[in-house]
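What follows is the content of structure26.txt, which has compact mmCIF, C-alpha atoms:
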# COMPACT_ATOMS: atom_id res chain seq x y z
CA MET Z 249 142.83 159.82 5.29
CA THR Z 250 141.00 163.12 5.60
CA MET Z 251 140.35 164.61 9.04
CA ARG Z 252 136.65 163.94 8.51
CA VAL Z 253 137.27 160.23 8.06
CA VAL Z 254 139.49 160.16 11.14
CA LEU Z 255 136.81 161.93 13.16
CA SER Z 256 134.06 159.58 11.98
CA ARG Z 257 136.16 156.59 12.87
CA GLN Z 258 136.89 157.96 16.35
CA LEU Z 259 133.24 158.77 16.95
CA ALA Z 260 132.35 155.21 15.99
CA GLU Z 261 134.90 153.92 18.50
CA VAL Z 262 133.32 155.99 21.26
CA ARG Z 263 129.90 154.55 20.42
CA THR Z 264 131.24 151.02 20.48
CA ASN Z 265 132.85 151.55 23.88
CA LEU Z 266 129.71 153.12 25.23
CA LEU Z 267 127.49 150.25 24.06
CA ASP Z 268 130.00 147.84 25.55
CA LEU Z 269 129.78 149.68 28.89
CA GLY Z 270 125.98 149.63 28.59
CA ALA Z 271 125.89 145.87 28.03
CA GLN Z 272 128.16 145.28 31.03
CA VAL Z 273 126.03 147.51 33.25
CA GLU Z 274 122.88 145.67 32.20
CA ARG Z 275 124.57 142.42 33.12
CA ALA Z 276 125.72 143.78 36.51
CA LEU Z 277 122.17 144.79 37.38
CA ALA Z 278 120.74 141.40 36.37
CA GLN Z 279 123.46 139.51 38.27
CA ALA Z 280 122.98 141.59 41.42
CA MET Z 281 119.29 140.71 41.47
CA THR Z 282 120.03 137.03 40.84
CA ALA Z 283 122.54 137.11 43.69
CA LEU Z 284 119.86 138.53 45.96
CA VAL Z 285 117.05 136.17 45.01
CA THR Z 286 119.15 132.98 44.94
CA ARG Z 287 121.27 134.11 47.92
CA ASP Z 288 124.40 133.56 45.87
CA GLY Z 289 127.25 135.25 47.76
CA ALA Z 290 129.90 134.40 45.18
CA LEU Z 291 127.92 136.08 42.42
CA ALA Z 292 127.40 139.16 44.61
CA GLN Z 293 131.18 139.36 45.20
CA GLU Z 294 131.75 139.13 41.47
CA VAL Z 295 129.44 142.10 40.79
CA ILE Z 296 131.24 144.14 43.47
CA ALA Z 297 134.70 143.28 42.14
CA ASN Z 298 133.74 144.02 38.55
CA ASP Z 299 132.53 147.54 39.33
CA LYS Z 300 136.09 148.88 39.34
CA ARG Z 301 136.48 147.93 35.68
CA LEU Z 302 133.27 149.72 34.77
CA ASN Z 303 134.47 152.89 36.51
CA GLU Z 304 137.67 152.75 34.48
CA LEU Z 305 135.78 152.23 31.24
CA ARG Z 306 133.64 155.29 32.00
CA TYR Z 307 136.67 157.53 32.38
CA THR Z 308 138.32 156.00 29.32
CA ILE Z 309 135.28 157.03 27.30
CA GLU Z 310 135.28 160.51 28.80
CA GLU Z 311 138.98 160.99 28.04
CA GLN Z 312 138.46 159.72 24.48
CA CYS Z 313 135.75 162.33 24.00
CA VAL Z 314 137.85 165.16 25.42
CA GLU Z 315 140.78 164.20 23.18
CA ILE Z 316 138.57 164.13 20.09
CA MET Z 317 137.13 167.54 21.00
CA ALA Z 318 140.59 169.03 21.54
CA ARG Z 319 141.99 167.58 18.34
CA HIS Z 320 139.13 168.09 15.91
CA GLN Z 321 137.27 171.03 17.46
CA PRO Z 322 134.03 169.50 16.20
CA MET Z 323 130.96 171.64 15.58
CA ALA Z 324 127.25 171.26 16.14
CA ARG Z 325 126.12 167.68 15.62
CA ASP Z 326 129.50 166.00 16.25
CA LEU Z 327 129.96 168.02 19.43
CA ARG Z 328 126.49 167.07 20.59
CA ASP Z 329 127.28 163.39 19.94
CA LEU Z 330 130.42 163.65 22.06
CA LEU Z 331 128.67 165.42 24.92
CA THR Z 332 125.95 162.79 24.81
CA ALA Z 333 128.58 160.09 25.12
CA VAL Z 334 130.17 161.79 28.15
CA ASN Z 335 126.78 162.10 29.76
CA LEU Z 336 125.69 158.54 29.03
CA ALA Z 337 128.97 157.12 30.31
CA GLN Z 338 128.38 158.93 33.59
CA GLU Z 339 124.79 157.70 33.95
CA LEU Z 340 125.81 154.13 33.09
CA GLU Z 341 128.63 154.15 35.59
CA ARG Z 342 126.23 155.29 38.30
CA ILE Z 343 123.75 152.56 37.42
CA ALA Z 344 126.64 150.15 37.88
CA ASP Z 345 127.13 151.67 41.34
CA HIS Z 346 123.53 150.86 42.16
CA ALA Z 347 124.09 147.29 40.98
CA LYS Z 348 127.09 147.14 43.30
CA GLY Z 349 124.90 148.57 46.07
CA ILE Z 350 122.35 145.79 45.53
CA ALA Z 351 125.11 143.16 45.55
CA THR Z 352 126.57 144.54 48.80
CA LEU Z 353 123.13 144.33 50.41
CA ALA Z 354 122.56 140.85 48.97
CA LEU Z 355 125.64 139.73 50.92
CA LYS Z 356 124.07 141.04 54.13
CA LEU Z 357 120.89 139.19 53.30
CA GLN Z 358 122.55 135.80 52.85
CA ASP Z 359 121.19 134.47 56.13
CA GLY Z 360 118.23 135.43 58.24
CA PRO Z 361 114.56 135.89 57.47
CA MET Z 362 113.25 137.02 54.08
CA PRO Z 363 109.70 138.05 53.18
CA PRO Z 364 107.81 135.14 51.60
CA ASP Z 365 107.12 137.12 48.46
CA LEU Z 366 109.69 139.21 46.55
CA THR Z 367 107.52 139.52 43.43
CA ASN Z 368 107.24 143.30 43.48
CA LEU Z 369 110.93 143.81 44.02
CA LYS Z 370 111.75 141.43 41.19
CA SER Z 371 109.25 143.06 38.85
CA MET Z 372 110.63 146.49 39.71
CA ALA Z 373 114.11 145.31 38.75
CA VAL Z 374 112.82 143.81 35.50
CA ASP Z 375 111.11 147.13 34.69
CA ALA Z 376 114.28 149.10 35.40
CA GLN Z 377 116.32 146.76 33.22
CA GLY Z 378 113.73 147.16 30.47
CA ILE Z 379 114.03 150.96 30.52
CA LEU Z 380 117.81 150.71 30.42
CA HIS Z 381 117.79 148.22 27.58
CA HIS Z 382 115.34 150.25 25.50
CA SER Z 383 117.21 153.51 26.16
CA LEU Z 384 120.43 151.92 24.94
CA ASP Z 385 118.64 150.51 21.89
CA ALA Z 386 117.37 154.03 21.17
CA TYR Z 387 120.93 155.34 21.45
CA ALA Z 388 122.29 152.61 19.16
CA ALA Z 389 119.57 153.31 16.60
CA GLY Z 390 119.65 157.11 17.04
CA ASP Z 391 115.86 156.91 17.33
CA ALA Z 392 114.08 159.66 19.32
CA ALA Z 393 110.64 157.99 19.18
CA MET Z 394 112.15 154.87 20.74
CA ALA Z 395 113.75 157.01 23.45
CA TYR Z 396 110.40 158.64 24.24
CA ARG Z 397 108.81 155.22 24.65
CA ALA Z 398 111.64 154.11 26.95
CA ALA Z 399 111.26 157.20 29.16
CA GLU Z 400 107.54 156.68 29.47
CA GLU Z 401 108.06 153.20 30.94
CA ASP Z 402 109.18 154.84 34.19
CA GLY Z 403 105.60 155.35 35.46
CA PRO Z 404 104.76 152.00 37.16
CA ILE Z 405 108.04 151.87 39.08
CA ASN Z 406 106.97 154.34 41.77
CA ALA Z 407 103.66 152.54 42.34
CA ARG Z 408 105.57 149.31 42.84
CA TYR Z 409 107.75 151.01 45.42
CA ASP Z 410 104.67 151.72 47.55
CA ALA Z 411 103.60 148.08 47.31
CA ILE Z 412 107.09 147.03 48.43
CA VAL Z 413 106.95 149.30 51.49
CA HIS Z 414 103.61 147.72 52.35
CA THR Z 415 105.04 144.18 52.07
CA LEU Z 416 108.03 145.13 54.20
CA LEU Z 417 105.82 146.57 56.94
CA GLU Z 418 103.84 143.32 57.08
CA PHE Z 419 107.08 141.36 57.12
CA MET Z 420 108.32 143.37 60.12
CA ALA Z 421 105.01 143.00 61.92
CA SER Z 422 105.12 139.21 61.52
CA ASP Z 423 108.73 138.68 62.59
CA PRO Z 424 110.57 140.61 65.32
CA THR Z 425 113.97 139.77 63.78
CA ALA Z 426 112.95 141.21 60.41
CA GLN Z 427 113.81 144.85 61.01
CA MET Z 428 117.33 144.86 59.58
CA PRO Z 429 116.52 142.64 56.59
CA ALA Z 430 113.51 144.87 55.85
CA THR Z 431 115.73 147.96 55.94
CA TYR Z 432 118.19 146.31 53.54
CA LEU Z 433 115.38 145.38 51.17
CA LEU Z 434 114.12 148.96 51.23
CA TRP Z 435 117.61 150.12 50.25
CA ILE Z 436 117.56 147.65 47.40
CA ALA Z 437 114.23 149.05 46.21
CA HIS Z 438 115.86 152.49 46.24
CA ASN Z 439 118.82 151.33 44.22
CA ILE Z 440 116.46 149.84 41.64
CA GLU Z 441 114.32 152.96 41.53
CA ARG Z 442 117.39 155.11 41.03
CA SER Z 443 118.67 152.88 38.25
CA ALA Z 444 115.35 153.37 36.47
CA ASP Z 445 115.63 157.11 37.02
CA ARG Z 446 119.08 157.20 35.47
CA ALA Z 447 117.99 154.98 32.58
CA THR Z 448 115.29 157.59 31.96
CA ASN Z 449 118.00 160.27 31.95
CA ILE Z 450 119.71 158.29 29.19
CA ALA Z 451 116.52 158.34 27.13
CA GLU Z 452 116.22 162.12 27.68
CA ARG Z 453 119.77 162.59 26.45
CA VAL Z 454 119.18 160.49 23.35
CA ILE Z 455 116.17 162.67 22.50
CA PHE Z 456 118.40 165.73 22.87
CA GLN Z 457 121.11 164.20 20.73
CA VAL Z 458 118.73 163.34 17.92
CA THR Z 459 116.35 166.32 17.98
CA GLY Z 460 118.23 169.06 19.85
CA GLU Z 461 115.20 169.27 22.11
CA LEU Z 462 115.76 169.20 25.88
CA VAL Z 463 112.98 167.34 27.65
CA ASP Z 464 112.71 166.70 31.36
CA PHE Z 465 110.76 163.67 32.44
CA GLY Z 466 111.48 164.76 36.00
CA ALA Z 467 113.88 163.31 38.50
CA GLU Z 468 111.67 164.26 41.42
CA THR Z 469 110.62 161.34 43.47
CA VAL Z 470 106.97 161.14 44.38
CA PRO Z 471 104.64 158.20 44.49
CA SER Z 472 102.34 157.90 41.49
CA LYS Z 473 98.98 158.15 43.15
CA MET C 126 141.10 190.75 22.47
CA ALA C 127 143.28 187.66 22.46
CA ALA C 128 141.39 184.38 22.22
CA ARG C 129 142.75 183.24 25.58
CA VAL C 130 141.47 186.37 27.30
CA THR C 131 138.04 185.92 25.74
CA PHE C 132 138.00 182.29 26.77
CA ASP C 133 138.94 183.05 30.37
CA ARG C 134 136.26 185.71 30.58
CA GLN C 135 133.65 183.33 29.20
CA LEU C 136 134.71 180.65 31.63
CA ARG C 137 134.31 183.10 34.52
CA GLU C 138 130.84 183.94 33.28
CA VAL C 139 129.92 180.28 33.13
CA ARG C 140 131.15 179.79 36.70
CA ALA C 141 129.20 182.81 37.92
CA ARG C 142 126.02 181.45 36.36
CA ILE C 143 126.56 178.04 37.89
CA LEU C 144 126.84 179.71 41.28
CA GLU C 145 123.62 181.55 40.60
CA LEU C 146 121.97 178.23 39.74
CA GLY C 147 123.55 176.71 42.86
CA SER C 148 122.17 179.36 45.17
CA LEU C 149 118.68 179.11 43.64
CA THR C 150 118.87 175.36 44.14
CA GLU C 151 120.06 175.66 47.73
CA ARG C 152 117.23 178.05 48.48
CA SER C 153 114.75 175.67 46.91
CA VAL C 154 115.93 172.76 49.08
CA ALA C 155 115.72 174.96 52.20
CA ALA C 156 112.24 176.20 51.30
CA ALA C 157 110.98 172.65 50.64
CA ALA C 158 112.22 171.55 54.07
CA SER C 159 110.58 174.49 55.88
CA ALA C 160 107.37 173.93 53.95
CA LEU C 161 107.36 170.37 55.30
CA PHE C 162 108.19 171.11 58.91
CA GLN C 163 105.85 174.11 59.16
CA ARG C 164 103.19 172.46 56.99
CA ASP C 165 103.20 175.56 54.79
CA LEU C 166 101.29 174.69 51.62
CA ALA C 167 101.82 178.08 49.95
CA LEU C 168 105.58 177.76 50.33
CA ALA C 169 105.43 174.18 48.99
CA LYS C 170 103.62 175.44 45.88
CA ALA C 171 106.18 178.23 45.44
CA VAL C 172 108.94 175.59 45.38
CA VAL C 173 107.11 173.56 42.71
CA VAL C 174 106.51 176.63 40.52
CA GLY C 175 110.02 178.02 41.10
CA ASP C 176 111.52 174.87 39.58
CA GLN C 177 110.64 176.14 36.09
CA GLU C 178 113.03 179.06 36.48
CA ILE C 179 115.77 176.67 37.56
CA ASN C 180 115.18 174.44 34.51
CA ARG C 181 115.34 177.50 32.26
CA LEU C 182 118.62 178.66 33.77
CA ARG C 183 120.08 175.21 33.31
CA PHE C 184 119.35 175.29 29.56
CA VAL C 185 120.89 178.77 29.31
CA ILE C 186 124.09 177.53 30.96
CA GLU C 187 124.28 174.40 28.79
CA ASP C 188 123.91 176.58 25.75
CA GLU C 189 126.66 178.93 26.87
CA ILE C 190 129.02 176.07 27.55
CA THR C 191 128.50 174.36 24.21
CA THR C 192 128.94 177.70 22.44
CA VAL C 193 132.29 178.21 24.18
CA MET C 194 133.30 174.68 23.19
CA ALA C 195 132.37 175.21 19.56
CA THR C 196 133.81 178.69 19.08
CA GLN C 197 136.87 179.07 21.31
CA GLN C 198 138.96 176.05 20.28
CA PRO C 199 139.60 175.09 23.89
CA THR C 200 142.53 172.89 24.88
CA ALA C 201 142.04 169.46 26.44
CA ARG C 202 142.46 170.96 29.89
CA ASP C 203 139.88 173.67 29.21
CA LEU C 204 137.53 171.07 27.82
CA ARG C 205 137.78 169.02 30.98
CA GLU C 206 136.80 172.10 32.91
CA LEU C 207 133.84 172.71 30.59
CA VAL C 208 132.69 169.10 30.81
CA THR C 209 132.83 169.51 34.59
CA ALA C 210 130.71 172.66 34.36
CA LEU C 211 128.13 170.74 32.30
CA SER C 212 128.08 167.88 34.73
CA ILE C 213 127.62 170.17 37.76
CA THR C 214 124.85 172.08 36.01
CA SER C 215 122.91 168.90 35.42
CA GLU C 216 123.41 167.71 39.02
CA LEU C 217 122.10 171.04 40.34
CA GLU C 218 119.05 170.96 38.15
CA ARG C 219 118.24 167.47 39.39
CA ILE C 220 118.77 168.50 43.00
CA ALA C 221 116.13 171.18 42.38
CA ASP C 222 113.87 168.41 41.04
CA HIS C 223 114.18 166.65 44.39
CA ALA C 224 113.22 169.87 46.19
CA LYS C 225 110.18 170.04 43.91
CA GLY C 226 109.42 166.42 44.77
CA ILE C 227 109.40 167.33 48.47
CA GLY C 228 107.16 170.33 47.69
CA ARG C 229 104.63 167.97 46.07
CA LEU C 230 104.76 165.56 48.98
CA VAL C 231 103.99 168.40 51.41
CA SER C 232 100.71 168.92 49.53
CA ARG C 233 99.94 165.19 49.78
CA LEU C 234 100.61 165.24 53.52
CA ASP C 235 98.00 167.93 54.05
CA GLY C 236 95.40 166.68 56.57
CA LEU C 237 97.33 163.50 57.39
CA PRO C 238 98.73 162.74 60.87
CA MET C 239 102.43 163.40 61.47
CA PRO C 240 104.81 161.61 63.85
CA ALA C 241 105.52 163.57 67.04
CA ASP C 242 109.24 163.56 66.46
CA LEU C 243 110.71 164.61 63.13
CA ALA C 244 114.15 165.39 64.56
CA ASP C 245 116.00 162.92 62.32
CA LEU C 246 114.35 164.24 59.19
CA VAL C 247 115.12 167.84 60.24
CA SER C 248 118.78 166.95 60.79
CA MET C 249 118.91 165.10 57.50
CA ALA C 250 117.60 168.17 55.67
CA GLU C 251 120.22 170.34 57.37
CA ASP C 252 122.98 167.88 56.57
CA VAL C 253 122.23 167.65 52.87
CA ARG C 254 121.98 171.44 52.59
CA ALA C 255 125.40 171.75 54.21
CA MET C 256 126.79 169.14 51.79
CA LEU C 257 125.41 171.05 48.84
CA ARG C 258 126.90 174.31 50.10
CA HIS C 259 130.29 172.73 50.73
CA SER C 260 130.37 171.05 47.34
CA LEU C 261 129.69 174.40 45.63
CA ASP C 262 132.32 176.15 47.78
CA ALA C 263 134.77 173.41 46.86
CA TYR C 264 133.97 173.98 43.17
CA VAL C 265 134.48 177.76 43.36
CA GLU C 266 137.70 177.52 45.35
CA GLN C 267 138.88 174.31 43.64
CA ASN C 268 139.35 173.07 47.18
CA VAL C 269 140.03 169.32 47.25
CA ALA C 270 140.01 169.00 51.04
CA GLU C 271 136.58 170.55 51.24
CA ALA C 272 135.32 168.29 48.45
CA GLU C 273 136.56 165.26 50.37
CA ALA C 274 134.76 166.43 53.51
CA VAL C 275 131.47 166.37 51.58
CA ALA C 276 131.74 162.60 51.26
CA GLN C 277 131.96 162.15 55.01
CA GLY C 278 128.54 163.78 55.27
CA ASP C 279 127.12 161.17 52.92
CA TYR C 280 127.92 158.30 55.29
CA GLU C 281 126.10 160.13 58.08
CA ILE C 282 123.06 160.50 55.89
CA ASP C 283 122.90 156.81 55.01
CA ARG C 284 122.96 156.01 58.72
CA ARG C 285 120.29 158.56 59.53
CA TYR C 286 118.06 157.21 56.82
CA GLN C 287 118.08 153.84 58.53
CA THR C 288 116.95 155.41 61.83
CA ILE C 289 114.17 157.28 60.06
CA PHE C 290 112.83 154.10 58.50
CA GLN C 291 112.83 152.33 61.85
CA THR C 292 111.06 155.20 63.61
CA LEU C 293 108.51 155.52 60.83
CA SER C 294 107.74 151.83 60.75
CA GLU C 295 106.40 152.05 64.32
CA PHE C 296 104.32 155.10 63.48
CA MET C 297 102.99 153.34 60.38
CA SER C 298 101.71 150.39 62.35
CA VAL C 299 99.07 152.63 64.03
CA GLY C 300 96.61 152.82 61.14
CA ARG C 301 95.93 153.49 57.48
CA PRO C 302 96.37 157.33 57.53
CA GLU C 303 99.64 156.88 59.46
CA GLN C 304 100.77 154.36 56.91
CA MET C 305 100.14 156.79 54.05
CA ALA C 306 101.81 159.68 55.86
CA GLY C 307 104.75 157.44 56.75
CA THR C 308 105.18 156.38 53.13
CA TYR C 309 105.19 160.03 52.01
CA LEU C 310 107.76 160.88 54.66
CA LEU C 311 109.93 158.00 53.47
CA TRP C 312 109.77 159.52 50.00
CA VAL C 313 110.82 162.85 51.51
CA ALA C 314 113.81 161.16 53.15
CA HIS C 315 114.56 159.46 49.86
CA ASN C 316 114.58 162.82 48.04
CA LEU C 317 116.83 164.33 50.71
CA GLU C 318 119.19 161.41 50.52
CA ARG C 319 119.49 161.89 46.79
CA VAL C 320 120.31 165.56 47.22
CA GLY C 321 123.24 164.42 49.39
CA ASP C 322 124.17 161.85 46.78
CA ARG C 323 124.24 164.43 44.01
CA ALA C 324 126.19 166.92 46.14
CA THR C 325 128.74 164.15 46.52
CA ASN C 326 128.81 163.73 42.74
CA ILE C 327 129.69 167.41 42.45
CA ALA C 328 132.49 166.95 44.99
CA GLU C 329 133.86 163.96 43.05
CA ARG C 330 133.99 166.09 39.92
CA VAL C 331 135.89 168.86 41.71
CA ILE C 332 138.48 166.34 42.87
CA PHE C 333 138.80 164.90 39.38
CA VAL C 334 139.43 168.27 37.74
CA ALA C 335 141.85 169.46 40.41
CA THR C 336 143.90 166.28 40.72
CA GLY C 337 143.04 164.00 37.80
CA ARG C 338 142.35 161.43 40.49
CA LEU C 339 139.34 159.17 40.03
CA VAL C 340 137.58 158.76 43.29
CA GLU C 341 134.32 157.25 44.13
CA LEU C 342 133.10 158.91 47.24
CA ASN C 343 129.69 157.42 47.67
CA THR C 344 126.84 155.81 45.86
CA ASP C 345 126.42 152.22 46.87
CA GLN C 346 124.21 152.19 49.89
CA SER C 347 125.13 149.68 52.48
For the file at hand, write its structure as structure tokens.
Amino acid sequence: MTMRVVLSRQLAEVRTNLLDLGAQVERALAQAMTALVTRDGALAQEVIANDKRLNELRYTIEEQCVEIMARHQPMARDLRDLLTAVNLAQELERIADHAKGIATLALKLQDGPMPPDLTNLKSMAVDAQGILHHSLDAYAAGDAAMAYRAAEEDGPINARYDAIVHTLLEFMASDPTAQMPATYLLWIAHNIERSADRATNIAERVIFQVTGELVDFGAETVPSK
Amino acid sequence: MAARVTFDRQLREVRARILELGSLTERSVAAAASALFQRDLALAKAVVVGDQEINRLRFVIEDEITTVMATQQPTARDLRELVTALSITSELERIADHAKGIGRLVSRLDGLPMPADLADLVSMAEDVRAMLRHSLDAYVEQNVAEAEAVAQGDYEIDRRYQTIFQTLSEFMSVGRPEQMAGTYLLWVAHNLERVGDRATNIAERVIFVATGRLVELNTDQS
């Protein structure tokens, strides 16, 4: 086997591992939200326990990349692919941390009052999952246009956050015991918003990988009004 | 010149540039906080505009690092160090984005009422700046103990955030302008909290390179 064939095969392995990590992170995020909405403590515990495995997988990918770089001294495009993989693994692992954060808060919200309507929070999570899913699709397809579309989905999330704050204020006004649950729900909104932010980072990276162009959709956090 | 000598020199240059980026970023966070507390719109605008220079510097550093990777045949150990440099560069640039976010919010808060007591927010801004400084010191000195101390700060910040929300929720019940101002201040707190979060990411990296130990110092908020 030529070195080139060995390198291609190893690069393909990295991609497979990365997409595997991506799929698991998507699942963690969905499960954490289900655990919250259905008040399913066992499911929340499962998300928390599983996070350790995702951390390990992230570092496995990073080590794989470093070993390939050291062994093959790849140039230009191959190097960019490897650096993209390192970067994506890091973003994915941190999204998993946010899923774990949501699950931890879901455990605290097992009993006690809840606002009557969690629609905005649920929609926000669905939006974030959509951005993540589409960013990973763009990575799998090596498609910059797809990545651009994924990054542009980030807009409505910040507006939803404002609506959530409004709901939580009403919730606290209506129920004197609601202060802690409202705080926890605000943290959950933050975890979701940050997941969306990191999913957007993934899309930015894919654009860089494919086109060599560095774009910044902006990590700054301001409401969209 | 031997390849190793060239490599070491290039690595030192990369580190020096990261420190330059770090100090620009620190200054930007500090300026955003003073713009907020002194309601200084001109300073807030300067932070927003200054972010462009920080973005530019980040691209320069990324370019330097990938050139070293492609031309110097670094060993696995060197590569780990370079991957760390890349990761820290991107954290710093995003920290500067949060400072810019605060700068924008200061403009939105113009003309709106402010709560009498912003002490918690002031302390939070000081805490995250200290975390950022310590994480950069830990990187320069490869100081694991200092990196670990950064994480302790992050717990404090999570707790403070909770107090801020509770204080603001009272203020926000007064009326519509208070509610808007309160929401903007929550976003400010959110940006500050993320600066602390990213400083902690830098500290984690420093620990990983120095010890090969995988730690998770922060992240899930609870």
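Closest approach to chain C among Z:Met323, Z:Ala271, Z:Val262, Z:Leu277 is made by Z:Met323 (distances from only C-alpha atoms).
One distance worth recording is that between CA of Ala399 (chain Z) and CA of Thr448 (chain Z), which is 4.9 Å.
Rounded to one decimal, CA of Glu295 (chain C) and CA of Arg254 (chain C) lie 27.5 Å from each other.
When only C-alpha atoms are used to measure the gap to Val295 (chain Z), the shortest distance among Z:Asp423, Z:Asp345, Z:Asp268, Z:Asp445 belongs to Z:Asp345.
Checking C:Arg233, C:Arg285, C:His259, C:Arg183 one by one against Arg219 (chain C), counting all atoms listed in the file, you find the shortest gap at C:Arg183.
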Distance filter 8 Å, all atoms listed in the file, chain C against chain Z, as a VMD selection string: chain C and resid 184 194 to 195 198 to 201 204 to 205 212 219 222 to 227 229 to 230 287 290 to 291 294 298 308 to 309 312 315 to 316 344 to 347
Nearest candidate to Gln279 (chain Z) (options Z:Thr332, Z:Asn368, Z:Gln377, Z:Thr264; using only C-alpha atoms): Z:Gln377
Listed atoms of region 275-289 of chain C boxed along x, y and z, 6 Å each side, centre and edge lengths in Å, one decimal, as AutoDock Vina command-line options:
--center_x 123.1 --center_y 160.1 --center_z 56.5 --size_x 29.8 --size_y 24.5 --size_z 22.6
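Between CA of Ile190 (chain C) and CA of Ala210 (chain C) lies a distance of 7.8 Å.
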Give me region 133-149 of chain C with N, CA and C atoms filled in, as a PDB file, keeping the file's coordinate frame.
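Produced file out.pdb, reproduced below:
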ATOM      1  N   ASP C 133     138.925 182.966  28.913  1.00  0.00           N
ATOM      2  CA  ASP C 133     138.940 183.050  30.370  1.00  0.00           C
ATOM      3  C   ASP C 133     137.736 183.851  30.888  1.00  0.00           C
ATOM      4  N   ARG C 134     137.406 184.901  30.166  1.00  0.00           N
ATOM      5  CA  ARG C 134     136.260 185.710  30.580  1.00  0.00           C
ATOM      6  C   ARG C 134     134.972 184.878  30.480  1.00  0.00           C
ATOM      7  N   GLN C 135     134.852 184.140  29.373  1.00  0.00           N
ATOM      8  CA  GLN C 135     133.650 183.330  29.200  1.00  0.00           C
ATOM      9  C   GLN C 135     133.545 182.244  30.270  1.00  0.00           C
ATOM     10  N   LEU C 136     134.691 181.691  30.605  1.00  0.00           N
ATOM     11  CA  LEU C 136     134.710 180.650  31.630  1.00  0.00           C
ATOM     12  C   LEU C 136     134.256 181.228  32.980  1.00  0.00           C
ATOM     13  N   ARG C 137     134.732 182.434  33.275  1.00  0.00           N
ATOM     14  CA  ARG C 137     134.310 183.100  34.520  1.00  0.00           C
ATOM     15  C   ARG C 137     132.808 183.331  34.523  1.00  0.00           C
ATOM     16  N   GLU C 138     132.289 183.702  33.371  1.00  0.00           N
ATOM     17  CA  GLU C 138     130.840 183.940  33.280  1.00  0.00           C
ATOM     18  C   GLU C 138     130.064 182.646  33.524  1.00  0.00           C
ATOM     19  N   VAL C 139     130.576 181.572  32.934  1.00  0.00           N
ATOM     20  CA  VAL C 139     129.920 180.280  33.130  1.00  0.00           C
ATOM     21  C   VAL C 139     129.916 179.920  34.617  1.00  0.00           C
ATOM     22  N   ARG C 140     131.061 180.093  35.271  1.00  0.00           N
ATOM     23  CA  ARG C 140     131.150 179.790  36.700  1.00  0.00           C
ATOM     24  C   ARG C 140     130.172 180.637  37.508  1.00  0.00           C
ATOM     25  N   ALA C 141     130.098 181.912  37.181  1.00  0.00           N
ATOM     26  CA  ALA C 141     129.200 182.810  37.920  1.00  0.00           C
ATOM     27  C   ALA C 141     127.753 182.351  37.777  1.00  0.00           C
ATOM     28  N   ARG C 142     127.395 181.926  36.582  1.00  0.00           N
ATOM     29  CA  ARG C 142     126.020 181.450  36.360  1.00  0.00           C
ATOM     30  C   ARG C 142     125.749 180.154  37.108  1.00  0.00           C
ATOM     31  N   ILE C 143     126.750 179.290  37.158  1.00  0.00           N
ATOM     32  CA  ILE C 143     126.560 178.040  37.890  1.00  0.00           C
ATOM     33  C   ILE C 143     126.333 178.345  39.372  1.00  0.00           C
ATOM     34  N   LEU C 144     127.053 179.332  39.884  1.00  0.00           N
ATOM     35  CA  LEU C 144     126.840 179.710  41.280  1.00  0.00           C
ATOM     36  C   LEU C 144     125.452 180.280  41.501  1.00  0.00           C
ATOM     37  N   GLU C 145     124.976 181.019  40.520  1.00  0.00           N
ATOM     38  CA  GLU C 145     123.620 181.550  40.600  1.00  0.00           C
ATOM     39  C   GLU C 145     122.626 180.379  40.651  1.00  0.00           C
ATOM     40  N   LEU C 146     122.823 179.420  39.747  1.00  0.00           N
ATOM     41  CA  LEU C 146     121.970 178.230  39.740  1.00  0.00           C
ATOM     42  C   LEU C 146     122.079 177.496  41.080  1.00  0.00           C
ATOM     43  N   GLY C 147     123.319 177.398  41.589  1.00  0.00           N
ATOM     44  CA  GLY C 147     123.550 176.710  42.860  1.00  0.00           C
ATOM     45  C   GLY C 147     122.808 177.378  44.005  1.00  0.00           C
ATOM     46  N   SER C 148     122.812 178.713  44.029  1.00  0.00           N
ATOM     47  CA  SER C 148     122.170 179.360  45.170  1.00  0.00           C
ATOM     48  C   SER C 148     120.645 179.279  45.045  1.00  0.00           C
ATOM     49  N   LEU C 149     120.127 179.343  43.824  1.00  0.00           N
ATOM     50  CA  LEU C 149     118.680 179.110  43.640  1.00  0.00           C
ATOM     51  C   LEU C 149     118.298 177.711  44.115  1.00  0.00           C
TER      52      LEU C 149
END
